[in-house]
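Data block below; observations after.
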Amino acid sequence: MAQCSSNNGGTDQVLVEETGSVRTFILNRPNQLNALSFRMISRLTELFYASEEDPNVKMIILKGHRRAFCAGGDVSIFFQNPGNWKIGANFLQKQYTLNYVMATYSKTQVSILNGIVMGGGAGASIHGRFRVATEKSVFAMPETDLGHFPDVGASYFLSRLPGFFGEYAGLTGSRLDGAEMLACGLATHFVSSDKLPLLEQALVKVNTSNPDAISAIISCFSNMPKLKEESPYHKMKIINHCFSRRTIEEIISTLIREGRLQDISCCLVREYRMACHLLRGEFSKDVVEGYRAIFIDKDRNPKWEPSRLELISDDDVDRYFSKIDAEDWEDLKLPPRSNMHPYAIAKL
């Protein structure tokens with residue numbers, strides 16, 4: 001029988017179920033669509049480390065409570081303390097480190113992506129070995145709406161999608177359903193949501209970390225969904241043509257392009273440097289403006305500065321890749337890891 005533990009009378013933001021050699025971690029902020037708080041990220045990091053060191057644990061299952069897996073990082077912390085950008089930087093440092101631990105984890109992680117999977121939610125799942133999508137899955141990297149960029153390791157996993165589909169998903173923030181996630185490699189399996197209880201019952205009986213054995217179990221419940229006729233994945237020829245252009249518009253996709261040639265640690269270190277520049281607001285206030293347009297006034301009509309891509313120079317972009325000259329700031333320091341064989345995204 002599963003044992004459910006909590007540090008706060010069942011109201012913890014991460015619930016833990018222990019069944020044999022399997023640990024199930026449940027994101028538990030359903031009213032916020034399980035958006036990741038600093039407390040959740042800290043707790044998940046603690047749980048992943050403890051489970052990795054425990055020889056009795058063979059597999060991790062990660063899922064969300066109710067109708068979302070995870071809608072992203074709780075970005076409100078970035079704007080609740082105007083002028084103190086290091087609070088946001090500290091949040092990202094903790095989040096990116098968790099992403100790295102997941103990407104280099106020595107034991108198998110199975111993420112059940114039943115519902116919304118966006119932004120930081122993608123970072124908490126796509127880095128794991130297996131990602132199970134359903135007909136209820138909705139994936140997106142909507143950071144560009146906020147005047148930000150796809151982070152949490154997106155420059156690694158989006159850059160490895162077929163053709164230029166990653167550039168398309170990252171620059172447009174397009175929403176993908178479960179079938180599209182499977183087709184492009186963001187998901188490894190597709191299971192109908194009504195079969196998830198049976199899948200989980202089978203998975204918690206596992207007493208191995210062998211990915212092949214675990215994949216075989218998931219495959220017993222999987223099926224191959226049909227893509228919608230209007231799916232952008234059917235328009236790969238057009239996407240490849242448009243998103244492979246070398247024009248000024250390509251400047252904002254440089255991050256993703258470089259990620260194709262770098263490992264996950266390089267991608268996260270570079271993303272952290274860029275994100276800190278954005279939070280600091282020295283070069284641009286667009287992140288604050290994006291937050292206003294989406295979360296405060298909700299007019300979804302941000303006034304970007306500059307207002308047109310042609311007004312952005314290469315020098316403007318290059319500044320975001322530079323080290324930050326600020327007291328008590330340093331580049332992201334990722335922990336040493338023995339397992340340096342990150343997950344596979346797609347068979348290119």
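Residues in the structure tokens are named by chain (A, B, ... in the order shown) and by number from 1 within that chain; ligands are numbered from 1 in the order shown.
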Give the strand (DSSP E) residues of range 84-222 of chain A, as DSSP finds them on the backbone, and put them as an MDAnalysis selection string. chainID A and resid 108:113 116:118 130:133 138:140 176:177 189:190
Figure out the distance between CA of Glu180 in chain A and CA of Ile264 in chain A, please, to one decimal in Å.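 Spanning CA of Ile264 in chain A to CA of Glu180 in chain A is a straight-line distance of 23.5 Å.
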In Å, with one decimal, what is the gap from CA of Lys58 in chain A to CA of Leu44 in chain A?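 Straight-line distance from CA of Lys58 in chain A to CA of Leu44 in chain A works out to 16.7 Å.
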Produce a table with one row for each residue of range 52-88 of chain A that has an atom at most 10 Å from any atom of range 135-151 of chain A, each row naming the nearest atom pair and its distance in Å at one decimal; use only C-alpha atoms; arrange rows by chain and rising residue number; format as a tab-separated table.
```
residue	atom	partner	partner_atom	distance
A:Arg67	CA	A:Lys136	CA	8.6
A:Ala68	CA	A:Ser137	CA	8.4
A:Phe69	CA	A:Ser137	CA	8.5
A:Cys70	CA	A:Phe139	CA	9.9
A:Ala71	CA	A:Phe139	CA	9.2
A:Gly72	CA	A:Met141	CA	9.0
```
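Distance-wise, CA of Arg29 in chain A and CA of Val14 in chain A end up 8.2 Å apart.
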I want to know what sits within 9 Å of Phe165 in chain A, based on only C-alpha atoms, with residues of the same chain fewer than 5 positions away left out; could you give that as a list of chain:residue names?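 Everything that qualifies: A:Leu158, A:Ser159, A:Arg160, A:Gly170, A:Cys184, A:Pro232, A:Tyr233, A:Met236, A:Ile239, A:Asn240, A:Phe243.
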Deliver the residues from the most recent selection as a file, using N, CA and C atoms, as a short mmCIF file (atom, residue, chain, number, x, y, z; two decimals), in the first residue's frame.
```cif
data_model
loop_
_atom_site.label_atom_id
_atom_site.label_comp_id
_atom_site.auth_asym_id
_atom_site.auth_seq_id
_atom_site.Cartn_x
_atom_site.Cartn_y
_atom_site.Cartn_z
N LEU A 158 14.48 22.28 -26.96
CA LEU A 158 13.81 22.75 -28.17
C LEU A 158 14.72 22.65 -29.38
N SER A 159 16.01 22.88 -29.17
CA SER A 159 16.94 22.86 -30.30
C SER A 159 17.11 21.47 -30.88
N ARG A 160 16.69 20.44 -30.15
CA ARG A 160 16.84 19.07 -30.61
C ARG A 160 15.56 18.48 -31.19
N GLY A 170 9.33 27.87 -29.75
CA GLY A 170 9.88 28.83 -28.81
C GLY A 170 9.56 30.27 -29.14
N CYS A 184 6.78 15.17 -32.06
CA CYS A 184 8.03 15.92 -32.14
C CYS A 184 9.08 15.44 -31.14
N PRO A 232 0.26 22.14 -36.75
CA PRO A 232 1.45 22.73 -37.38
C PRO A 232 2.50 21.69 -37.73
N TYR A 233 2.43 20.53 -37.10
CA TYR A 233 3.42 19.50 -37.41
C TYR A 233 3.27 18.99 -38.83
N MET A 236 5.55 21.12 -41.56
CA MET A 236 6.97 21.18 -41.26
C MET A 236 7.78 21.81 -42.39
N ILE A 239 7.40 25.52 -41.93
CA ILE A 239 8.09 25.93 -40.71
C ILE A 239 9.60 25.94 -40.93
N ASN A 240 10.11 24.89 -41.55
CA ASN A 240 11.55 24.84 -41.81
C ASN A 240 12.00 25.98 -42.71
N PHE A 243 11.54 29.41 -40.44
CA PHE A 243 12.32 29.55 -39.22
C PHE A 243 13.79 29.19 -39.38
#
```
May I have the residues within 10 Å of range 111-113 of chain A as a tab-separated table (two decimals) with all heavy atoms, in the first residue's frame, using only C-alpha atoms and disregarding those fewer than 6 positions away in the same chain?
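See around-v6.tsv below for the written result:
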```
chain	number	residue	atom	x	y	z
A	24	THR	N	6.57	8.60	-5.65
A	24	THR	CA	5.73	9.47	-6.47
A	24	THR	C	5.66	10.83	-5.83
A	24	THR	O	5.23	10.98	-4.68
A	24	THR	CB	4.31	8.89	-6.61
A	24	THR	OG1	4.38	7.58	-7.20
A	24	THR	CG2	3.46	9.79	-7.51
A	25	PHE	N	6.10	11.85	-6.57
A	25	PHE	CA	6.07	13.23	-6.10
A	25	PHE	C	4.93	13.94	-6.81
A	25	PHE	O	4.86	13.94	-8.05
A	25	PHE	CB	7.39	13.94	-6.38
A	25	PHE	CG	8.60	13.25	-5.81
A	25	PHE	CD1	9.82	13.33	-6.45
A	25	PHE	CD2	8.51	12.51	-4.64
A	25	PHE	CE1	10.93	12.69	-5.93
A	25	PHE	CE2	9.62	11.86	-4.10
A	25	PHE	CZ	10.84	11.95	-4.76
A	60	ILE	N	11.34	7.34	-9.99
A	60	ILE	CA	10.58	8.50	-9.55
A	60	ILE	C	9.42	8.73	-10.53
A	60	ILE	O	9.61	8.72	-11.74
A	60	ILE	CB	11.47	9.77	-9.55
A	60	ILE	CG1	12.67	9.61	-8.62
A	60	ILE	CG2	10.63	11.00	-9.17
A	60	ILE	CD1	12.33	9.42	-7.18
A	61	ILE	N	8.24	8.93	-9.98
A	61	ILE	CA	7.09	9.37	-10.79
A	61	ILE	C	6.77	10.79	-10.36
A	61	ILE	O	6.66	11.09	-9.16
A	61	ILE	CB	5.86	8.47	-10.57
A	61	ILE	CG1	6.14	7.04	-11.04
A	61	ILE	CG2	4.64	9.04	-11.31
A	61	ILE	CD1	5.00	6.07	-10.75
A	62	LEU	N	6.64	11.67	-11.33
A	62	LEU	CA	6.30	13.07	-11.04
A	62	LEU	C	4.99	13.41	-11.75
A	62	LEU	O	4.85	13.17	-12.95
A	62	LEU	CB	7.41	14.00	-11.52
A	62	LEU	CG	7.26	15.49	-11.18
A	62	LEU	CD1	7.29	15.72	-9.67
A	62	LEU	CD2	8.36	16.31	-11.85
A	63	LYS	N	4.04	13.96	-11.00
A	63	LYS	CA	2.76	14.33	-11.60
A	63	LYS	C	2.18	15.52	-10.87
A	63	LYS	O	2.69	15.95	-9.82
A	63	LYS	CB	1.79	13.14	-11.57
A	63	LYS	CG	1.39	12.69	-10.16
A	63	LYS	CD	0.41	11.51	-10.25
A	63	LYS	CE	-0.09	11.10	-8.85
A	63	LYS	NZ	-1.09	9.99	-8.95
A	64	GLY	N	1.10	16.07	-11.42
A	64	GLY	CA	0.45	17.22	-10.82
A	64	GLY	C	-0.90	16.83	-10.25
A	64	GLY	O	-1.54	15.87	-10.68
A	68	ALA	N	-3.85	20.11	-13.92
A	68	ALA	CA	-2.61	20.60	-14.54
A	68	ALA	C	-1.44	19.77	-14.03
A	68	ALA	O	-1.44	19.30	-12.89
A	68	ALA	CB	-2.38	22.07	-14.21
A	69	PHE	N	-0.45	19.59	-14.90
A	69	PHE	CA	0.83	19.10	-14.42
A	69	PHE	C	1.55	20.25	-13.74
A	69	PHE	O	1.77	20.24	-12.54
A	69	PHE	CB	1.67	18.53	-15.56
A	69	PHE	CG	3.07	18.18	-15.13
A	69	PHE	CD1	3.30	17.04	-14.38
A	69	PHE	CD2	4.15	19.00	-15.44
A	69	PHE	CE1	4.59	16.72	-13.93
A	69	PHE	CE2	5.43	18.69	-15.02
A	69	PHE	CZ	5.65	17.54	-14.27
A	70	CYS	N	1.86	21.29	-14.50
A	70	CYS	CA	2.50	22.47	-13.94
A	70	CYS	C	2.46	23.58	-14.96
A	70	CYS	O	2.93	23.41	-16.09
A	70	CYS	CB	3.94	22.17	-13.54
A	70	CYS	SG	4.86	23.62	-12.97
A	121	GLY	N	7.14	24.16	-15.94
A	121	GLY	CA	6.60	22.80	-15.90
A	121	GLY	C	7.27	21.90	-16.92
A	121	GLY	O	7.47	20.71	-16.68
A	122	ALA	N	7.64	22.49	-18.07
A	122	ALA	CA	8.40	21.73	-19.06
A	122	ALA	C	9.80	21.42	-18.52
A	122	ALA	O	10.32	20.32	-18.69
A	122	ALA	CB	8.49	22.52	-20.36
A	124	ALA	N	10.63	20.92	-15.52
A	124	ALA	CA	10.55	19.91	-14.46
A	124	ALA	C	10.19	18.53	-15.00
A	124	ALA	O	10.13	17.57	-14.22
A	124	ALA	CB	9.52	20.32	-13.41
A	125	SER	N	9.97	18.40	-16.30
A	125	SER	CA	9.52	17.12	-16.84
A	125	SER	C	10.29	16.68	-18.09
A	125	SER	O	10.70	15.53	-18.20
A	125	SER	CB	8.03	17.19	-17.18
A	125	SER	OG	7.77	18.25	-18.09
A	126	ILE	N	10.48	17.60	-19.03
A	126	ILE	CA	11.13	17.23	-20.29
A	126	ILE	C	12.55	16.72	-20.06
A	126	ILE	O	13.07	15.91	-20.82
A	126	ILE	CB	11.14	18.42	-21.27
A	126	ILE	CG1	9.71	18.94	-21.49
A	126	ILE	CG2	11.73	18.00	-22.62
A	126	ILE	CD1	8.74	17.93	-22.04
A	127	HIS	N	13.19	17.15	-18.97
A	127	HIS	CA	14.54	16.70	-18.68
A	127	HIS	C	14.58	15.26	-18.15
A	127	HIS	O	15.66	14.67	-18.05
A	127	HIS	CB	15.20	17.64	-17.66
A	127	HIS	CG	15.44	19.01	-18.19
A	127	HIS	ND1	16.30	19.27	-19.24
A	127	HIS	CD2	14.93	20.22	-17.84
A	127	HIS	CE1	16.32	20.56	-19.50
A	127	HIS	NE2	15.48	21.15	-18.66
A	128	GLY	N	13.43	14.71	-17.79
A	128	GLY	CA	13.38	13.34	-17.29
A	128	GLY	C	13.40	12.33	-18.42
A	128	GLY	O	13.19	12.66	-19.59
A	129	ARG	N	13.62	11.06	-18.07
A	129	ARG	CA	13.76	10.01	-19.08
A	129	ARG	C	12.48	9.79	-19.86
A	129	ARG	O	12.49	9.70	-21.08
A	129	ARG	CB	14.19	8.72	-18.39
A	129	ARG	CG	14.20	7.50	-19.28
A	129	ARG	CD	15.36	7.47	-20.24
A	129	ARG	NE	16.62	7.25	-19.52
A	129	ARG	CZ	17.77	6.92	-20.13
A	129	ARG	NH1	17.80	6.78	-21.44
A	129	ARG	NH2	18.87	6.75	-19.43
A	130	PHE	N	11.34	9.67	-19.16
A	130	PHE	CA	10.07	9.38	-19.83
A	130	PHE	C	9.05	10.48	-19.54
A	130	PHE	O	8.90	10.93	-18.41
A	130	PHE	CB	9.52	8.03	-19.38
A	130	PHE	CG	10.40	6.87	-19.75
A	130	PHE	CD1	10.99	6.10	-18.76
A	130	PHE	CD2	10.67	6.57	-21.07
A	130	PHE	CE1	11.82	5.04	-19.09
A	130	PHE	CE2	11.50	5.52	-21.42
A	130	PHE	CZ	12.09	4.75	-20.42
A	131	ARG	N	8.35	10.89	-20.61
A	131	ARG	CA	7.32	11.92	-20.51
A	131	ARG	C	6.05	11.37	-21.14
A	131	ARG	O	6.00	11.15	-22.36
A	131	ARG	CB	7.74	13.19	-21.23
A	131	ARG	CG	8.91	13.94	-20.59
A	131	ARG	CD	10.26	13.47	-21.06
A	131	ARG	NE	10.42	13.68	-22.51
A	131	ARG	CZ	11.46	13.21	-23.19
A	131	ARG	NH1	12.40	12.50	-22.60
A	131	ARG	NH2	11.54	13.43	-24.49
A	132	VAL	N	5.03	11.15	-20.33
A	132	VAL	CA	3.79	10.53	-20.79
A	132	VAL	C	2.74	11.61	-21.01
A	132	VAL	O	2.27	12.25	-20.06
A	132	VAL	CB	3.28	9.49	-19.77
A	132	VAL	CG1	1.98	8.87	-20.26
A	132	VAL	CG2	4.35	8.43	-19.52
A	133	ALA	N	2.36	11.82	-22.26
A	133	ALA	CA	1.33	12.78	-22.61
A	133	ALA	C	-0.02	12.09	-22.71
A	133	ALA	O	-0.11	10.87	-22.87
A	133	ALA	CB	1.68	13.47	-23.92
A	134	THR	N	-1.10	12.87	-22.63
A	134	THR	CA	-2.46	12.36	-22.80
A	134	THR	C	-3.23	13.30	-23.72
A	134	THR	O	-2.70	14.31	-24.19
A	134	THR	CB	-3.20	12.28	-21.44
A	134	THR	OG1	-3.60	13.60	-21.05
A	134	THR	CG2	-2.32	11.67	-20.36
A	135	GLU	N	-4.47	12.98	-23.97
A	135	GLU	CA	-5.32	13.84	-24.80
A	135	GLU	C	-5.62	15.17	-24.10
A	135	GLU	O	-6.10	16.11	-24.73
A	135	GLU	CB	-6.62	13.13	-25.17
A	135	GLU	CG	-7.67	13.06	-24.08
A	135	GLU	CD	-7.40	11.99	-23.01
A	135	GLU	OE1	-6.38	11.26	-23.14
A	135	GLU	OE2	-8.21	11.88	-22.06
A	136	LYS	N	-5.31	15.26	-22.81
A	136	LYS	CA	-5.53	16.50	-22.06
A	136	LYS	C	-4.28	17.37	-21.96
A	136	LYS	O	-4.32	18.46	-21.40
A	136	LYS	CB	-6.04	16.17	-20.65
A	136	LYS	CG	-7.40	15.48	-20.62
A	136	LYS	CD	-7.85	15.20	-19.20
A	136	LYS	CE	-9.21	14.50	-19.18
A	136	LYS	NZ	-9.65	14.20	-17.78
A	137	SER	N	-3.17	16.90	-22.48
A	137	SER	CA	-1.91	17.64	-22.37
A	137	SER	C	-1.94	18.91	-23.22
A	137	SER	O	-2.43	18.89	-24.36
A	137	SER	CB	-0.73	16.77	-22.82
A	137	SER	OG	-0.59	15.64	-21.99
A	138	VAL	N	-1.40	19.98	-22.67
A	138	VAL	CA	-1.25	21.24	-23.39
A	138	VAL	C	0.15	21.78	-23.08
A	138	VAL	O	0.41	22.21	-21.96
A	138	VAL	CB	-2.30	22.29	-23.00
A	138	VAL	CG1	-2.10	23.58	-23.81
A	138	VAL	CG2	-3.71	21.75	-23.19
A	139	PHE	N	1.02	21.71	-24.06
A	139	PHE	CA	2.41	22.15	-23.87
A	139	PHE	C	2.62	23.51	-24.53
A	139	PHE	O	2.13	23.77	-25.63
A	139	PHE	CB	3.37	21.14	-24.49
A	139	PHE	CG	4.81	21.62	-24.52
A	139	PHE	CD1	5.67	21.32	-23.49
A	139	PHE	CD2	5.29	22.39	-25.58
A	139	PHE	CE1	6.99	21.76	-23.51
A	139	PHE	CE2	6.60	22.84	-25.61
A	139	PHE	CZ	7.46	22.52	-24.56
A	178	GLY	N	-1.17	16.66	-26.87
A	178	GLY	CA	-0.42	15.45	-26.57
A	178	GLY	C	0.08	14.72	-27.79
A	178	GLY	O	1.21	14.20	-27.80
A	187	ALA	N	7.24	14.34	-25.84
A	187	ALA	CA	6.71	13.21	-25.06
A	187	ALA	C	7.30	11.92	-25.61
A	187	ALA	O	7.58	11.81	-26.80
A	187	ALA	CB	5.18	13.16	-25.13
A	188	THR	N	7.52	10.94	-24.73
A	188	THR	CA	8.03	9.64	-25.17
A	188	THR	C	6.91	8.64	-25.38
A	188	THR	O	7.08	7.66	-26.10
A	188	THR	CB	9.01	9.08	-24.14
A	188	THR	OG1	8.35	8.94	-22.87
A	188	THR	CG2	10.22	10.00	-23.99
A	189	HIS	N	5.76	8.88	-24.72
A	189	HIS	CA	4.62	7.97	-24.83
A	189	HIS	C	3.33	8.78	-24.80
A	189	HIS	O	3.30	9.91	-24.28
A	189	HIS	CB	4.59	6.96	-23.68
A	189	HIS	CG	5.76	6.05	-23.62
A	189	HIS	ND1	6.98	6.44	-23.10
A	189	HIS	CD2	5.92	4.75	-24.03
A	189	HIS	CE1	7.85	5.43	-23.17
A	189	HIS	NE2	7.22	4.40	-23.72
A	190	PHE	N	2.26	8.18	-25.31
A	190	PHE	CA	0.92	8.77	-25.24
A	190	PHE	C	0.00	7.72	-24.63
A	190	PHE	O	-0.12	6.60	-25.15
A	190	PHE	CB	0.43	9.17	-26.63
A	190	PHE	CG	-0.92	9.84	-26.62
A	190	PHE	CD1	-1.02	11.23	-26.62
A	190	PHE	CD2	-2.09	9.10	-26.59
A	190	PHE	CE1	-2.26	11.86	-26.61
A	190	PHE	CE2	-3.34	9.72	-26.58
A	190	PHE	CZ	-3.41	11.10	-26.59
A	191	VAL	N	-0.64	8.09	-23.53
A	191	VAL	CA	-1.56	7.19	-22.83
A	191	VAL	C	-2.87	7.93	-22.60
A	191	VAL	O	-2.86	9.07	-22.10
A	191	VAL	CB	-0.97	6.71	-21.48
A	191	VAL	CG1	-1.98	5.86	-20.72
A	191	VAL	CG2	0.33	5.94	-21.71
A	193	SER	N	-6.01	9.34	-20.83
A	193	SER	CA	-6.09	9.71	-19.42
A	193	SER	C	-6.87	8.70	-18.59
A	193	SER	O	-6.58	8.52	-17.40
A	193	SER	CB	-6.73	11.10	-19.28
A	193	SER	OG	-8.04	11.12	-19.83
A	196	LEU	N	-4.54	6.08	-17.07
A	196	LEU	CA	-3.46	6.48	-16.17
A	196	LEU	C	-3.47	5.76	-14.83
A	196	LEU	O	-2.41	5.36	-14.33
A	196	LEU	CB	-3.48	8.00	-15.96
A	196	LEU	CG	-3.06	8.86	-17.15
A	196	LEU	CD1	-3.14	10.34	-16.78
A	196	LEU	CD2	-1.65	8.50	-17.61
A	200	GLU	N	-0.22	3.72	-13.53
A	200	GLU	CA	0.47	3.99	-12.27
A	200	GLU	C	0.48	2.76	-11.36
A	200	GLU	O	1.48	2.51	-10.67
A	200	GLU	CB	-0.19	5.18	-11.57
A	200	GLU	CG	0.03	6.51	-12.30
A	200	GLU	CD	-0.53	7.69	-11.54
A	200	GLU	OE1	-0.28	7.77	-10.31
A	200	GLU	OE2	-1.20	8.53	-12.13
```
With a distance cut-off of 8 Å and only C-alpha atoms, select the neighbouring residues of Lys94 in chain A, excluding the residue or stretch itself and same-chain residues fewer than 6 positions from it, and output the selection as a list of chain:residue names.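 The neighbour list is A:Phe38, A:Ile41, A:Ser42.
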Please produce a file of those selected residues containing C-alpha atoms, as a compact mmCIF listing (two decimals), in the first residue's frame.
```
# COMPACT_ATOMS: atom_id res chain seq x y z
CA PHE A 38 10.50 28.60 -4.45
CA ILE A 41 11.54 23.80 -6.10
CA SER A 42 13.55 23.52 -2.89
```
